[in-house]
>>> print(open('work.pdb').read())   # PDB, C-alpha atoms and all ligand atoms
ATOM      1  CA  MET A   1       0.000   0.000   0.000
ATOM      2  CA  HIS A   2       1.167   3.564  -0.744
ATOM      3  CA  VAL A   3       0.020   6.884   0.663
ATOM      4  CA  THR A   4       0.790  10.426  -0.406
ATOM      5  CA  ILE A   5       1.596  12.992   2.252
ATOM      6  CA  ASP A   6       2.605  16.545   1.340
ATOM      7  CA  GLY A   7       3.101  15.482  -2.268
ATOM      8  CA  GLU A   8       5.510  12.648  -1.403
ATOM      9  CA  THR A   9       4.563   8.997  -1.780
ATOM     10  CA  TYR A  10       5.386   6.616   1.049
ATOM     11  CA  GLU A  11       5.237   2.861   1.225
ATOM     12  CA  VAL A  12       3.077   1.437   3.995
ATOM     13  CA  GLU A  13       4.142  -1.800   5.611
ATOM     14  CA  ILE A  14       1.310  -3.502   7.501
ATOM     15  CA  ILE A  15       2.145  -5.917  10.294
ATOM     16  CA  ARG A  16      -0.854  -7.915  11.455
ATOM     17  CA  LYS A  17      -0.745  -9.912  14.651
ATOM     18  CA  LEU A  18      -3.685 -11.650  16.213
ATOM     19  CA  GLY A  19      -2.796 -10.489  19.699
ATOM     20  CA  ASN A  20      -2.492  -6.789  18.913
ATOM     21  CA  ARG A  21      -5.224  -4.832  20.632
ATOM     22  CA  ASN A  22      -4.372  -1.455  19.189
ATOM     23  CA  THR A  23      -3.091  -0.031  15.957
ATOM     24  CA  TYR A  24       0.230   1.794  15.955
ATOM     25  CA  ILE A  25       1.786   3.949  13.284
ATOM     26  CA  ARG A  26       5.558   4.393  13.142
ATOM     27  CA  VAL A  27       8.060   5.762  10.646
ATOM     28  CA  LYS A  28      11.383   3.963  10.468
ATOM     29  CA  LYS A  29      14.811   4.875   9.107
ATOM     30  CA  ASP A  30      13.890   3.554   5.660
ATOM     31  CA  LEU A  31      11.165   6.259   5.600
ATOM     32  CA  LYS A  32       8.447   3.641   5.284
ATOM     33  CA  ILE A  33       5.286   3.898   7.366
ATOM     34  CA  TYR A  34       4.820   0.847   9.561
ATOM     35  CA  VAL A  35       1.363   0.032  10.815
ATOM     36  CA  THR A  36       1.085  -2.617  13.498
ATOM     37  CA  THR A  37      -2.424  -3.865  13.935
ATOM     38  CA  ASN A  38      -4.571  -6.980  14.377
ATOM     39  CA  THR A  39      -6.121  -9.244  11.802
ATOM     40  CA  PHE A  40      -9.531  -7.566  11.969
ATOM     41  CA  VAL A  41      -8.545  -4.138  10.687
ATOM     42  CA  SER A  42      -8.936  -3.795   6.924
ATOM     43  CA  ASN A  43      -6.557  -2.010   4.553
ATOM     44  CA  ARG A  44      -9.240   0.566   3.899
ATOM     45  CA  GLU A  45      -9.484   1.361   7.596
ATOM     46  CA  ILE A  46      -5.703   1.646   7.805
ATOM     47  CA  GLU A  47      -5.655   4.031   4.878
ATOM     48  CA  LYS A  48      -8.348   6.135   6.530
ATOM     49  CA  LEU A  49      -6.411   6.146   9.785
ATOM     50  CA  ILE A  50      -3.246   7.303   8.001
ATOM     51  CA  TYR A  51      -5.027  10.106   6.159
ATOM     52  CA  SER A  52      -6.650  11.344   9.339
ATOM     53  CA  ASN A  53      -3.222  11.513  11.004
ATOM     54  CA  THR A  54      -1.128  13.059   8.230
ATOM     55  CA  GLU A  55       0.072  15.963  10.356
ATOM     56  CA  PHE A  56       1.408  13.617  13.027
ATOM     57  CA  ILE A  57       2.977  11.302  10.424
ATOM     58  CA  ALA A  58       4.572  14.227   8.571
ATOM     59  CA  LYS A  59       6.201  15.239  11.865
ATOM     60  CA  MET A  60       7.553  11.722  12.368
ATOM     61  CA  ILE A  61       8.914  11.654   8.798
ATOM     62  CA  ASP A  62      10.576  15.021   9.340
ATOM     63  CA  LYS A  63      12.212  13.817  12.541
ATOM     64  CA  VAL A  64      13.570  10.628  10.910
ATOM     65  CA  ASP A  65      14.744  12.652   7.901
ATOM     66  CA  LYS A  66      16.678  15.095  10.095
ATOM     67  CA  LYS A  67      18.327  12.307  12.066
ATOM     68  CA  LYS A  68      19.255  10.477   8.870
ATOM     69  CA  GLU A  69      20.871  13.574   7.421
ATOM     70  CA  LYS A  70      22.870  14.071  10.597
ATOM     71  CA  ASP A  71      24.027  10.426  10.642
ATOM     72  CA  GLU A  72      25.134  10.586   7.011
ATOM     73  CA  LYS A  73      28.789  11.504   6.823
ATOM     74  CA  PHE A  74      30.300  14.082   4.547
ATOM     75  CA  TYR A  75      33.048  12.796   2.268
ATOM     76  CA  TYR A  76      35.684  14.873   0.560
ATOM     77  CA  LEU A  77      38.861  13.623  -1.162
ATOM     78  CA  GLY A  78      38.806  10.373   0.782
ATOM     79  CA  SER A  79      38.281  11.884   4.232
ATOM     80  CA  GLU A  80      35.180  11.629   6.368
ATOM     81  CA  TYR A  81      33.694  14.645   8.148
ATOM     82  CA  ASP A  82      30.905  15.071  10.694
ATOM     83  CA  LYS A  83      28.150  17.413   9.641
ATOM     84  CA  VAL A  84      27.640  20.366  11.963
ATOM     85  CA  ARG A  85      24.812  22.796  11.377
ATOM     86  CA  THR A  86      25.712  26.404  12.177
ATOM     87  CA  SER A  87      23.930  29.742  12.294
ATOM     88  CA  THR A  88      26.430  31.207   9.831
ATOM     89  CA  LYS A  89      26.037  31.015   6.060
ATOM     90  CA  GLY A  90      27.653  28.727   3.537
ATOM     91  CA  ILE A  91      29.823  25.620   3.715
ATOM     92  CA  VAL A  92      33.115  25.637   5.620
ATOM     93  CA  LEU A  93      35.376  22.605   5.741
ATOM     94  CA  GLY A  94      37.187  22.117   9.054
ATOM     95  CA  SER A  95      39.724  19.454   9.912
ATOM     96  CA  GLN A  96      37.198  16.939  11.260
ATOM     97  CA  SER A  97      33.846  18.556  10.598
ATOM     98  CA  VAL A  98      32.097  20.348   7.841
ATOM     99  CA  PHE A  99      30.121  23.379   8.981
ATOM    100  CA  LEU A 100      26.882  23.807   7.108
ATOM    101  CA  GLY A 101      24.735  26.889   7.383
ATOM    102  CA  LYS A 102      21.140  26.311   8.455
ATOM    103  CA  GLU A 103      19.810  26.990   4.982
ATOM    104  CA  ILE A 104      22.227  24.643   3.153
ATOM    105  CA  THR A 105      20.429  21.924   1.182
ATOM    106  CA  LYS A 106      21.632  18.750  -0.548
ATOM    107  CA  GLU A 107      21.650  20.698  -3.822
ATOM    108  CA  ASP A 108      23.904  23.347  -2.263
ATOM    109  CA  ILE A 109      26.303  20.624  -1.148
ATOM    110  CA  ASP A 110      26.380  19.209  -4.686
ATOM    111  CA  LYS A 111      27.055  22.688  -6.045
ATOM    112  CA  TRP A 112      29.939  23.029  -3.594
ATOM    113  CA  TYR A 113      31.313  19.636  -4.659
ATOM    114  CA  LYS A 114      31.018  20.674  -8.307
ATOM    115  CA  LYS A 115      32.907  23.904  -7.668
ATOM    116  CA  GLN A 116      35.801  22.064  -5.991
ATOM    117  CA  ALA A 117      35.708  19.355  -8.676
ATOM    118  CA  GLU A 118      35.946  21.869 -11.513
ATOM    119  CA  LYS A 119      39.255  23.129 -10.145
ATOM    120  CA  ILE A 120      40.743  19.838  -8.926
ATOM    121  CA  PHE A 121      39.623  17.598 -11.809
ATOM    122  CA  SER A 122      40.875  19.997 -14.492
ATOM    123  CA  GLU A 123      44.237  20.415 -12.719
ATOM    124  CA  HIS A 124      44.634  16.655 -12.449
ATOM    125  CA  LEU A 125      43.518  16.035 -16.032
ATOM    126  CA  GLU A 126      46.055  18.600 -17.222
ATOM    127  CA  ASN A 127      48.794  17.036 -15.112
ATOM    128  CA  CYS A 128      48.017  13.446 -16.177
ATOM    129  CA  TYR A 129      47.905  14.597 -19.779
ATOM    130  CA  LYS A 130      51.368  16.168 -19.416
ATOM    131  CA  LEU A 131      52.791  13.050 -17.776
ATOM    132  CA  TYR A 132      51.111  10.624 -20.165
ATOM    133  CA  SER A 133      53.521   8.114 -21.700
ATOM    134  CA  ARG A 134      52.279   8.432 -25.290
ATOM    135  CA  ASN A 135      51.218  11.159 -27.645
ATOM    136  CA  ILE A 136      47.500  11.749 -27.315
ATOM    137  CA  PRO A 137      45.220  14.611 -28.340
ATOM    138  CA  HIS A 138      44.425  17.179 -25.667
ATOM    139  CA  PRO A 139      41.087  16.192 -24.119
ATOM    140  CA  THR A 140      38.274  18.432 -22.935
ATOM    141  CA  LEU A 141      36.629  17.811 -19.576
ATOM    142  CA  THR A 142      33.016  17.399 -18.495
ATOM    143  CA  ILE A 143      31.978  16.716 -14.896
ATOM    144  CA  ARG A 144      28.626  15.278 -13.978
ATOM    145  CA  LYS A 145      26.956  12.927 -11.554
ATOM    146  CA  MET A 146      26.777   9.407 -12.919
ATOM    147  CA  THR A 147      25.344   6.344 -11.243
ATOM    148  CA  SER A 148      27.081   3.410 -12.894
ATOM    149  CA  ARG A 149      30.519   4.555 -14.014
ATOM    150  CA  TRP A 150      33.450   6.665 -12.858
ATOM    151  CA  GLY A 151      34.377   8.021 -16.228
ATOM    152  CA  VAL A 152      33.573   8.019 -19.912
ATOM    153  CA  CYS A 153      35.773   8.858 -22.875
ATOM    154  CA  ASN A 154      34.308   9.993 -26.147
ATOM    155  CA  THR A 155      37.108   9.138 -28.543
ATOM    156  CA  ARG A 156      35.551  11.055 -31.418
ATOM    157  CA  SER A 157      35.125  14.382 -29.640
ATOM    158  CA  LYS A 158      38.165  13.748 -27.340
ATOM    159  CA  ARG A 159      35.968  14.464 -24.359
ATOM    160  CA  VAL A 160      36.610  12.926 -20.961
ATOM    161  CA  THR A 161      33.603  12.876 -18.631
ATOM    162  CA  LEU A 162      34.352  12.332 -14.945
ATOM    163  CA  ASN A 163      31.829  11.343 -12.305
ATOM    164  CA  LEU A 164      31.349  14.115  -9.735
ATOM    165  CA  GLU A 165      31.304  11.402  -7.045
ATOM    166  CA  LEU A 166      35.091  11.098  -7.494
ATOM    167  CA  ILE A 167      35.385  14.261  -5.372
ATOM    168  CA  LYS A 168      34.488  12.072  -2.356
ATOM    169  CA  MET A 169      37.327   9.614  -3.070
ATOM    170  CA  PRO A 170      41.100   9.846  -2.497
ATOM    171  CA  LEU A 171      42.969  11.625  -5.286
ATOM    172  CA  PHE A 172      44.696   8.426  -6.425
ATOM    173  CA  CYS A 173      41.250   7.218  -7.577
ATOM    174  CA  LEU A 174      40.758  10.367  -9.630
ATOM    175  CA  ASP A 175      44.164   9.945 -11.274
ATOM    176  CA  TYR A 176      43.508   6.299 -12.065
ATOM    177  CA  VAL A 177      40.160   7.120 -13.720
ATOM    178  CA  ILE A 178      41.820   9.907 -15.723
ATOM    179  CA  TYR A 179      44.610   7.595 -16.927
ATOM    180  CA  HIS A 180      42.002   4.960 -17.739
ATOM    181  CA  GLU A 181      39.964   7.385 -19.845
ATOM    182  CA  LEU A 182      43.051   8.886 -21.528
ATOM    183  CA  SER A 183      44.130   5.372 -22.507
ATOM    184  CA  HIS A 184      40.843   5.013 -24.382
ATOM    185  CA  LEU A 185      42.118   7.721 -26.731
ATOM    186  CA  ILE A 186      44.514   5.039 -27.977
ATOM    187  CA  TYR A 187      42.443   1.883 -27.406
ATOM    188  CA  ALA A 188      38.670   2.272 -27.483
ATOM    189  CA  ASN A 189      38.234  -1.155 -25.851
ATOM    190  CA  HIS A 190      39.351  -2.957 -22.672
ATOM    191  CA  SER A 191      41.839  -5.219 -24.425
ATOM    192  CA  LYS A 192      45.069  -6.559 -22.951
ATOM    193  CA  ASP A 193      46.978  -3.779 -24.739
ATOM    194  CA  PHE A 194      44.669  -1.238 -23.141
ATOM    195  CA  TRP A 195      45.411  -2.467 -19.609
ATOM    196  CA  THR A 196      49.145  -2.569 -20.354
ATOM    197  CA  LEU A 197      48.911   1.083 -21.308
ATOM    198  CA  VAL A 198      46.955   1.892 -18.132
ATOM    199  CA  GLU A 199      49.645   0.154 -16.091
ATOM    200  CA  GLU A 200      52.382   2.043 -17.920
ATOM    201  CA  ASN A 201      50.841   5.282 -16.640
ATOM    202  CA  CYS A 202      49.341   4.109 -13.363
ATOM    203  CA  PRO A 203      51.390   1.155 -12.054
ATOM    204  CA  GLU A 204      49.136   0.730  -8.993
ATOM    205  CA  TYR A 205      45.951   0.491 -11.029
ATOM    206  CA  LYS A 206      45.043  -3.042  -9.890
ATOM    207  CA  LYS A 207      45.087  -2.086  -6.218
ATOM    208  CA  ILE A 208      43.164   1.098  -6.937
ATOM    209  CA  ARG A 209      40.500  -0.763  -8.887
ATOM    210  CA  LYS A 210      40.116  -3.141  -5.987
ATOM    211  CA  TYR A 211      39.813  -0.192  -3.597
ATOM    212  CA  MET A 212      37.125   1.288  -5.845
ATOM    213  CA  LYS A 213      35.478  -2.158  -6.112
ATOM    214  CA  GLU A 214      35.618  -1.862  -9.856
ATOM    215  CA  ASP A 215      36.389  -5.551 -10.245
TER     216      ASP A 215
HETATM  217 ZN    ZN B   1      37.112   1.943 -19.853
END
>>> encode(input="work.pdb", output="structure tokens")
Amino acid sequence: MHVTIDGETYEVEIIRKLGNRNTYIRVKKDLKIYVTTNTFVSNREIEKLIYSNTEFIAKMIDKVDKKKEKDEKFYYLGSEYDKVRTSTKGIVLGSQSVFLGKEITKEDIDKWYKKQAEKIFSEHLENCYKLYSRNIPHPTLTIRKMTSRWGVCNTRSKRVTLNLELIKMPLFCLDYVIYHELSHLIYANHSKDFWTLVEENCPEYKKIRKYMKED
């Protein structure tokens, strides 16, 4: 069963036990609504009960959401930071904590990541290009969030696309992905020759791939 509260759809998990006298509504960490009740209460009645308690449920969801956000760590260049909400504005990175202004949203954090990535990724791409063992065309850089890969190389347009998520990883991961994508400018496949070329430029690539759980 699904319900919509404040425009968001939530899954409802119904737990029926013969011995339950009352019906309870809870929201758990997975942001699902759990209804514990007995075998005599119908789904329709449960739905009614939920919709007559939306204000209370919305409060529970909000509370779980806030706790979840606080428990989620902040990652930057392979280090982990605690999130601390402050009354000041913006995002400030400390040595163990990241200080986030009250108004800072997930989108703001992504924007901040993107800003850092634009500088760091282009510097590293430039550097790897300079150090590269063979003659290759100068690539252009695109940065975006991707879900299934760390990098893409368009051999025709000589464009290297790097996953924004790399900003959360140690820099050796970034360099490996860059060398990997640059090697595609010579071999468009993942042949034995390709991996030899990757190793020529990034001798530790096997360990790094393991670290990144790429294989
Ligand atoms: Zn590849």
>>> residues_near_ligand(input="work.pdb", ligand="ligand ZN 1 (chain B)", cutoff="9 Å", atoms="all atoms listed in the file", output="list in words")
Gly151, Val152, Cys153, Val177, His180, Glu181, Ser183, His184, Ala188, Asn189, His190 and Phe194 of chain A
>>> write_last_selection(input="work.pdb", atoms="C-alpha atoms", output="tab-separated table (two decimals), in the coordinates of the input")
chain	number	residue	atom	x	y	z
A	151	GLY	CA	34.38	8.02	-16.23
A	152	VAL	CA	33.57	8.02	-19.91
A	153	CYS	CA	35.77	8.86	-22.88
A	177	VAL	CA	40.16	7.12	-13.72
A	180	HIS	CA	42.00	4.96	-17.74
A	181	GLU	CA	39.96	7.38	-19.84
A	183	SER	CA	44.13	5.37	-22.51
A	184	HIS	CA	40.84	5.01	-24.38
A	188	ALA	CA	38.67	2.27	-27.48
A	189	ASN	CA	38.23	-1.16	-25.85
A	190	HIS	CA	39.35	-2.96	-22.67
A	194	PHE	CA	44.67	-1.24	-23.14
>>> residues_around(input="work.pdb", residues="A:Lys29", least_positions_apart="6", cutoff="8 Å", atoms="only C-alpha atoms", output="JSON, numbers by chain")
{"A": [64, 65, 68]}
>>> atom_distance(input="work.pdb", atom1="atom CA of A:Ile33", atom2="atom CA of A:Phe74")
27.2 Å
>>> atom_distance(input="work.pdb", atom1="atom CA of A:Ile46", atom2="atom CA of A:Asn22")
11.9 Å
>>> resolve_selection(input="work.pdb", expression="the PyMOL selection byres (((chain A and resi 113-124) around 7) and not hetatm)", output="PyMOL selection string")
chain A and resi 109-112+125-128+141+164+167+175
>>> write_last_selection(input="work.pdb", atoms="C-alpha atoms", output="compact mmCIF listing (two decimals), keeping the file's coordinate frame")
# COMPACT_ATOMS: atom_id res chain seq x y z
CA ILE A 109 26.30 20.62 -1.15
CA ASP A 110 26.38 19.21 -4.69
CA LYS A 111 27.06 22.69 -6.04
CA TRP A 112 29.94 23.03 -3.59
CA LEU A 125 43.52 16.04 -16.03
CA GLU A 126 46.06 18.60 -17.22
CA ASN A 127 48.79 17.04 -15.11
CA CYS A 128 48.02 13.45 -16.18
CA LEU A 141 36.63 17.81 -19.58
CA LEU A 164 31.35 14.12 -9.74
CA ILE A 167 35.38 14.26 -5.37
CA ASP A 175 44.16 9.94 -11.27
>>> atom_distance(input="work.pdb", atom1="atom CA of A:Ile14", atom2="atom CA of A:Glu47")
10.6 Å
>>> residues_around(input="work.pdb", residues="A:Lys67", least_positions_apart="4", cutoff="12 Å", atoms="only C-alpha atoms", output="MDAnalysis selection string")
chainID A and resid 28:31 60:63 71:73 83
>>> resolve_selection(input="work.pdb", expression="the PyMOL selection byres (((chain A and resi 5) around 9) and not hetatm)", output="ChimeraX atom specification")
/A:3-4,6-10,51,54-55,57-58
>>> closest_residue(input="work.pdb", among="A:Lys168, A:Arg134, A:Lys32, A:Lys66", to="A:Glu200", atoms="only C-alpha atoms")
A:Arg134
>>> residues_around(input="work.pdb", residues="A:Arg144", least_positions_apart="6", cutoff="8 Å", atoms="all atoms listed in the file", output="list in words")
Thr161, Leu162, Asn163 and Leu164 of chain A
>>> write_last_selection(input="work.pdb", atoms="C-alpha atoms", output="PDB file, in the coordinates of the input")
ATOM      1  CA  THR A 161      33.603  12.876 -18.631  1.00  0.00           C
ATOM      2  CA  LEU A 162      34.352  12.332 -14.945  1.00  0.00           C
ATOM      3  CA  ASN A 163      31.829  11.343 -12.305  1.00  0.00           C
ATOM      4  CA  LEU A 164      31.349  14.115  -9.735  1.00  0.00           C
TER       5      LEU A 164
END
>>> resolve_selection(input="work.pdb", expression="the PyMOL selection byres (((chain A and resi 105) around 12) and not hetatm)", output="list in words")
Lys66, Glu69, Arg85, Lys89, Gly90, Ile91, Leu100, Gly101, Lys102, Glu103, Ile104, Lys106, Glu107, Asp108, Ile109, Asp110, Lys111 and Trp112 of chain A
>>> closest_residue(input="work.pdb", among="A:Asn201, A:Ser95, A:Ser148, A:Thr142", to="A:Tyr129", atoms="all atoms listed in the file")
A:Asn201
>>> residues_around(input="work.pdb", residues="A:Gly94", least_positions_apart="3", cutoff="10 Å", atoms="all atoms listed in the file", output="PyMOL selection string")
chain A and resi 81-82+91+97-99
>>> residues_around(input="work.pdb", residues="A:Tyr205", least_positions_apart="6", cutoff="9 Å", atoms="only C-alpha atoms", output="number ranges by chain")
A: 173, 176, 180, 198-199
